[in-house]
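Here the structure comes first, spelled out in structure tokens, and everything after it is commentary.
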Amino acid sequence: MLRHARITLALLLGVLTSRAPGAEHAAASPLVCIPQTCSSLLPASAPEDRSTRDCGYANGNSWWADYIAAPLLWQSAAADPVIVALFDDGAAIDHEDLRDALWSNERELHGRPGIDDDGDGYVDDIHGWDFVDGNADVRPHGSCATRPSHGTLMASLIAAGRNGVGMVGAGAGSVRLMVLRVTGCGADASKMDPDRMRRALLYAVDHGARVLSFSAHWTRTTPELDATFAEIADSLSSSHAAVIVASVPNKGEPTAGFPAAYAFRRIIRAVPVGDGDRISPGTSPAPAGLNLAAPSACILGATAAPSGYGLANGSSNSTAILSGLLAGLWSRPPYAKLGAEQFVERVVRARMMTTSRHTAPGSRAPYLEGLPIADACLLSSHGHAARVCRTGHGTAD
């Protein structure tokens, strides 16, 4: 079974509005623009970036954005947007916070309907592909279309724009989001299919995705799927090299599951952290390697039907936030021209893993000494800083 890390919609906000012409699962209403309460984290202190007027952030409900110093990304220009591939149950691509952040396959976008204009074997794949039902409609299907969509929330945490409405994603303005539907609703559609996953992986890298985001985990694999992950995330000579961001689940599972369980060099694991810099007590043991703590609790994001926005908990959130953060860093000078291996070595391993910011010690191995907290502080300068960034982060090199 393909398992999404725990995500509980704790509060749904907004009401449905009229649907766009021809949109089967159109986006829901703008966010109710008032502070919301969720444990001790919301509302947060005054926003770091007062120029960002998306009401979820302006009202202090996006505590995690300041926690990872996301405004350091938002206040500087991207040299070249990074394509992030989202592997999930689809996403509401017509949502007000997502429709301007999507990756587009230009040859299909400007091609002829019903024709495989780019010859890749996928017809009309404008924003990605549905590997469950085998078509170009990457929106949530079936019962997934009438309930808060996991993939939509993940998409928003990665890429939602600074457009003055709703909320804002970690990689706002830095990301082009490719939506790959690899799981659906129902017993068969939600099962992990190794061949489906392998084809989705190859599609992503063949179309230029540099960050592959997996807010899910599974235990079943095959030699063919293992080899594909190795080619993408471990080989030094691969033309398909990319960075994989993998969820570490927090429901007490004895192992992290794949892809976090792979020991590949370009796997970056998102470990959930919440109030008081504490790692979630049910977090599975993560293998040694590039393990970064990212926010998980009381996270505001887009959900589409039935309400438009909501608050959620779980390590899925950590993965999406980390994916957007990494893409944002990769899109900025002087890192935009780096290959995948160079980015991992120079930015993640040499800088982010050596931050002075750490979580509180965890209650179980391998978290007994805490973990580095993922943030954008390496973009700090004398005139461009964030309150969470401490002395010792240095400036962009």
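Here, A, B, ... name the chains of the structure tokens in the order displayed, residue numbers run from 1 inside each chain, and ligands are numbered from 1 in the same displayed order.
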Between region 315-390 of chain A and region 224-248 of chain A, at 12 Å or less, what are the per-residue closest atom pairs and their distances in Å? Count only C-alpha atoms, order by chain and rising residue number, and return it as a Markdown table.
| residue | atom | partner | partner_atom | distance |
| --- | --- | --- | --- | --- |
| A:Ser315 | CA | A:Ser247 | CA | 6.3 |
| A:Ser316 | CA | A:Ser247 | CA | 6.2 |
| A:Asn317 | CA | A:Ser247 | CA | 8.8 |
| A:Ser318 | CA | A:Ser247 | CA | 7.4 |
| A:Thr319 | CA | A:Ser247 | CA | 5.4 |
| A:Ala320 | CA | A:Val245 | CA | 8.3 |
| A:Ile321 | CA | A:Val245 | CA | 10.0 |
| A:Leu322 | CA | A:Val245 | CA | 7.4 |
| A:Ser323 | CA | A:Val245 | CA | 6.2 |
| A:Gly324 | CA | A:Val245 | CA | 9.9 |
| A:Leu325 | CA | A:Val245 | CA | 10.8 |
| A:Leu326 | CA | A:Val245 | CA | 9.1 |
| A:Ala327 | CA | A:Val243 | CA | 9.6 |
| A:Trp330 | CA | A:Val243 | CA | 10.7 |
| A:Leu338 | CA | A:Ala242 | CA | 11.3 |
| A:Gly339 | CA | A:Ala241 | CA | 8.1 |
| A:Ala340 | CA | A:Ala242 | CA | 5.3 |
| A:Glu341 | CA | A:Leu236 | CA | 7.2 |
| A:Gln342 | CA | A:Leu236 | CA | 10.1 |
| A:Phe343 | CA | A:Val243 | CA | 8.8 |
| A:Val344 | CA | A:Val243 | CA | 7.7 |
| A:Glu345 | CA | A:Val243 | CA | 11.3 |
| A:Val348 | CA | A:Val243 | CA | 10.6 |
Query raised in the report: If we count only C-alpha atoms, what is near Asp118 (chain A) at a cut-off of 9 Å, once residues fewer than 3 positions away on the same chain are taken out, given as number ranges by chain?
Result: A: 105, 107-108, 111, 115, 121-123
**Report entry** Given only C-alpha atoms as the counted atoms, nearest of A:Arg162, A:Arg357, A:Arg220, A:His207 to Asp193 (chain A)
**Finding:** A:Arg220
Listing only residues of region 150-265 of chain A within 7 Å of region 82-92 of chain A, what is the closest atom pair and its distance in Å (to one decimal) for each, using only C-alpha atoms, sorted by chain and residue number ascending, as a tab-separated table?
residue	atom	partner	partner_atom	distance
A:His150	CA	A:Asp89	CA	6.8
A:Gly151	CA	A:Ala91	CA	5.0
A:Thr152	CA	A:Ala91	CA	4.2
A:Ala155	CA	A:Ala91	CA	6.8
A:Ser174	CA	A:Val82	CA	6.3
A:Val175	CA	A:Val82	CA	5.0
A:Arg176	CA	A:Ile83	CA	4.7
A:Leu177	CA	A:Val84	CA	5.1
A:Met178	CA	A:Ala85	CA	4.6
A:Val179	CA	A:Leu86	CA	5.2
A:Leu180	CA	A:Phe87	CA	5.1
A:Arg181	CA	A:Gly90	CA	4.6
A:Val182	CA	A:Asp88	CA	5.6
A:Thr183	CA	A:Asp89	CA	4.8
A:Gly184	CA	A:Asp89	CA	5.2
A:Ala204	CA	A:Ala85	CA	6.2
A:Gly208	CA	A:Ile83	CA	6.6
A:Ala209	CA	A:Ile83	CA	4.7
A:Arg210	CA	A:Ile83	CA	5.8
A:Val211	CA	A:Val84	CA	4.7
A:Leu212	CA	A:Ala85	CA	4.8
A:Ser213	CA	A:Leu86	CA	5.2
A:Phe214	CA	A:Phe87	CA	5.6
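Among the candidates A:Arg351, A:His141, A:Arg278, A:Arg147, the one nearest to Leu368 (chain A) when counting only C-alpha atoms is A:Arg278.
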Query - region 289-295 of chain A environment, 6 Å, only C-alpha atoms, sequence neighbours closer than 3 positions dropped, as JSON, numbers by chain - result: {"A": [64, 268, 269, 270, 271, 272, 273, 274, 318, 372, 373, 374]}
Based on the selection just made, write N, CA and C atoms of those residues as a PDB file, in the first residue's frame.
ATOM      1  N   TRP A  64       5.381  28.477   9.992  1.00  0.00           N
ATOM      2  CA  TRP A  64       6.471  27.685   9.457  1.00  0.00           C
ATOM      3  C   TRP A  64       7.290  28.447   8.419  1.00  0.00           C
ATOM      4  N   ILE A 268      17.246  13.213   0.264  1.00  0.00           N
ATOM      5  CA  ILE A 268      17.197  14.124   1.406  1.00  0.00           C
ATOM      6  C   ILE A 268      15.899  13.826   2.154  1.00  0.00           C
ATOM      7  N   ARG A 269      16.029  13.454   3.421  1.00  0.00           N
ATOM      8  CA  ARG A 269      14.870  13.022   4.199  1.00  0.00           C
ATOM      9  C   ARG A 269      14.302  14.175   5.021  1.00  0.00           C
ATOM     10  N   ALA A 270      12.986  14.299   4.978  1.00  0.00           N
ATOM     11  CA  ALA A 270      12.291  15.323   5.739  1.00  0.00           C
ATOM     12  C   ALA A 270      11.787  14.706   7.037  1.00  0.00           C
ATOM     13  N   VAL A 271      12.316  15.164   8.147  1.00  0.00           N
ATOM     14  CA  VAL A 271      11.946  14.659   9.470  1.00  0.00           C
ATOM     15  C   VAL A 271      11.025  15.687  10.127  1.00  0.00           C
ATOM     16  N   PRO A 272       9.844  15.286  10.590  1.00  0.00           N
ATOM     17  CA  PRO A 272       8.856  16.253  11.078  1.00  0.00           C
ATOM     18  C   PRO A 272       9.213  16.872  12.421  1.00  0.00           C
ATOM     19  N   VAL A 273       9.072  18.202  12.503  1.00  0.00           N
ATOM     20  CA  VAL A 273       9.331  18.922  13.741  1.00  0.00           C
ATOM     21  C   VAL A 273       8.182  19.885  13.977  1.00  0.00           C
ATOM     22  N   GLY A 274       7.840  20.071  15.266  1.00  0.00           N
ATOM     23  CA  GLY A 274       6.732  20.948  15.608  1.00  0.00           C
ATOM     24  C   GLY A 274       7.077  21.888  16.735  1.00  0.00           C
ATOM     25  N   SER A 318       6.119  18.315   6.111  1.00  0.00           N
ATOM     26  CA  SER A 318       7.565  18.549   6.186  1.00  0.00           C
ATOM     27  C   SER A 318       8.215  18.331   4.837  1.00  0.00           C
ATOM     28  N   PRO A 372      19.668  18.871  12.298  1.00  0.00           N
ATOM     29  CA  PRO A 372      19.694  20.222  11.720  1.00  0.00           C
ATOM     30  C   PRO A 372      18.303  20.621  11.241  1.00  0.00           C
ATOM     31  N   ILE A 373      17.953  21.888  11.418  1.00  0.00           N
ATOM     32  CA  ILE A 373      16.673  22.417  10.964  1.00  0.00           C
ATOM     33  C   ILE A 373      16.872  23.061   9.597  1.00  0.00           C
ATOM     34  N   ALA A 374      16.066  22.672   8.645  1.00  0.00           N
ATOM     35  CA  ALA A 374      16.171  23.214   7.292  1.00  0.00           C
ATOM     36  C   ALA A 374      15.701  24.671   7.272  1.00  0.00           C
TER      37      ALA A 374
END
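In this comparison, which uses only C-alpha atoms, the residue of A:Cys298, A:His217, A:Thr283, A:Cys55 approaching Thr37 (chain A) most closely is A:Cys298.
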Report task. List the neighbours of Gly166 (chain A) out to 10 Å using only C-alpha atoms; skip same-chain residues closer than 3 positions along the sequence, and give me the result as number ranges by chain. Result -> A: 29-33, 53-58, 96-97, 156, 160-163, 300-302, 308-309
Any chance you can output those residues with N, CA and C atoms as a CSV table (one decimal), in the first residue's frame?
chain,number,residue,atom,x,y,z
A,29,SER,N,-13.2,28.7,-2.4
A,29,SER,CA,-13.1,30.2,-2.2
A,29,SER,C,-11.8,30.7,-1.6
A,30,PRO,N,-11.7,32.0,-1.6
A,30,PRO,CA,-10.5,32.6,-0.9
A,30,PRO,C,-10.6,32.3,0.6
A,31,LEU,N,-9.4,32.3,1.2
A,31,LEU,CA,-9.3,32.0,2.7
A,31,LEU,C,-10.0,33.0,3.5
A,32,VAL,N,-10.7,32.6,4.5
A,32,VAL,CA,-11.2,33.5,5.5
A,32,VAL,C,-10.1,34.2,6.2
A,33,CYS,N,-10.0,35.5,6.1
A,33,CYS,CA,-8.7,36.2,6.5
A,33,CYS,C,-8.7,36.7,7.9
A,53,ARG,N,1.2,39.8,1.3
A,53,ARG,CA,-0.1,40.1,1.8
A,53,ARG,C,-1.1,38.9,1.7
A,54,ASP,N,-0.6,37.7,1.3
A,54,ASP,CA,-1.5,36.5,1.3
A,54,ASP,C,-2.0,36.4,2.8
A,55,CYS,N,-3.3,36.3,3.0
A,55,CYS,CA,-3.8,36.6,4.3
A,55,CYS,C,-3.4,35.5,5.3
A,56,GLY,N,-3.2,34.2,4.8
A,56,GLY,CA,-2.7,33.2,5.7
A,56,GLY,C,-1.4,33.5,6.4
A,57,TYR,N,-0.5,34.2,5.6
A,57,TYR,CA,0.8,34.6,6.1
A,57,TYR,C,0.7,35.9,6.9
A,58,ALA,N,0.0,36.9,6.3
A,58,ALA,CA,-0.1,38.2,6.9
A,58,ALA,C,-0.8,38.2,8.3
A,96,GLU,N,-6.8,28.8,-7.0
A,96,GLU,CA,-6.3,30.1,-7.1
A,96,GLU,C,-4.9,30.3,-6.7
A,97,ASP,N,-4.4,29.4,-5.8
A,97,ASP,CA,-3.0,29.5,-5.3
A,97,ASP,C,-2.1,28.6,-6.1
A,156,SER,N,0.5,23.1,-2.7
A,156,SER,CA,0.5,24.5,-2.2
A,156,SER,C,1.6,24.8,-1.3
A,160,ALA,N,2.7,27.5,-3.8
A,160,ALA,CA,1.6,28.5,-3.9
A,160,ALA,C,2.3,29.9,-3.9
A,161,GLY,N,1.7,30.8,-4.8
A,161,GLY,CA,2.4,32.0,-5.1
A,161,GLY,C,2.0,33.1,-4.1
A,162,ARG,N,2.9,34.2,-4.1
A,162,ARG,CA,2.6,35.4,-3.4
A,162,ARG,C,1.7,36.3,-4.2
A,163,ASN,N,0.4,35.9,-4.2
A,163,ASN,CA,-0.5,36.5,-5.1
A,163,ASN,C,-1.6,37.4,-4.4
A,300,LEU,N,-1.0,25.4,7.5
A,300,LEU,CA,-2.1,25.9,6.6
A,300,LEU,C,-1.7,25.7,5.2
A,301,GLY,N,-2.7,25.1,4.4
A,301,GLY,CA,-2.4,24.9,3.0
A,301,GLY,C,-3.7,24.9,2.2
A,302,ALA,N,-3.6,24.8,0.9
A,302,ALA,CA,-4.8,24.7,0.0
A,302,ALA,C,-5.2,23.2,0.0
A,308,GLY,N,-11.4,24.7,0.3
A,308,GLY,CA,-10.4,25.6,-0.3
A,308,GLY,C,-9.1,25.6,0.4
A,309,TYR,N,-9.2,25.7,1.8
A,309,TYR,CA,-8.0,25.8,2.6
A,309,TYR,C,-8.2,25.0,3.9
Report task. Based on DSSP run over this structure's backbone, return all residues of region 77-302 of chain A in helix (DSSP H, G or I), as number ranges by chain. Result -> A: 106-109, 142-146, 150-159, 194-206, 223-233, 275-277
Requested in this report: Please identify which residues in region 216-316 of chain A DSSP calls strand (DSSP E) from the backbone, and express them as a ChimeraX atom specification.
Outcome: /A:216-217,243-247,267-274,278-279,290-295,299-304,308-312
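Taking CA of Gly119 (chain A) as the reference point, CA of Leu202 (chain A) is found at 14.7 Å.
For the set A:Asp94, A:Asp120, A:Asp100, A:Glu253, the residue with the smallest atom-to-atom gap to Pro281 (chain A) is A:Glu253, counting only C-alpha atoms.
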Requested in this report: Could you please determine the separation between CA of Leu102 (chain A) and CA of Val165 (chain A) in Å, to one decimal place?
Outcome: 17.0 Å
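Taking only C-alpha atoms into account, Ala288 (chain A) lies nearest to A:Leu371 out of the set A:Leu379, A:Ala305, A:Ala360, A:Leu371.
Between Ala101 (chain A) and the candidates A:Gly173, A:Ser143, A:Ser215, A:Arg364, the tightest atom-to-atom separation, counting only C-alpha atoms, involves A:Gly173.
Put simply, CA of Asp195 (chain A) is 23.9 Å away from CA of Ser149 (chain A).
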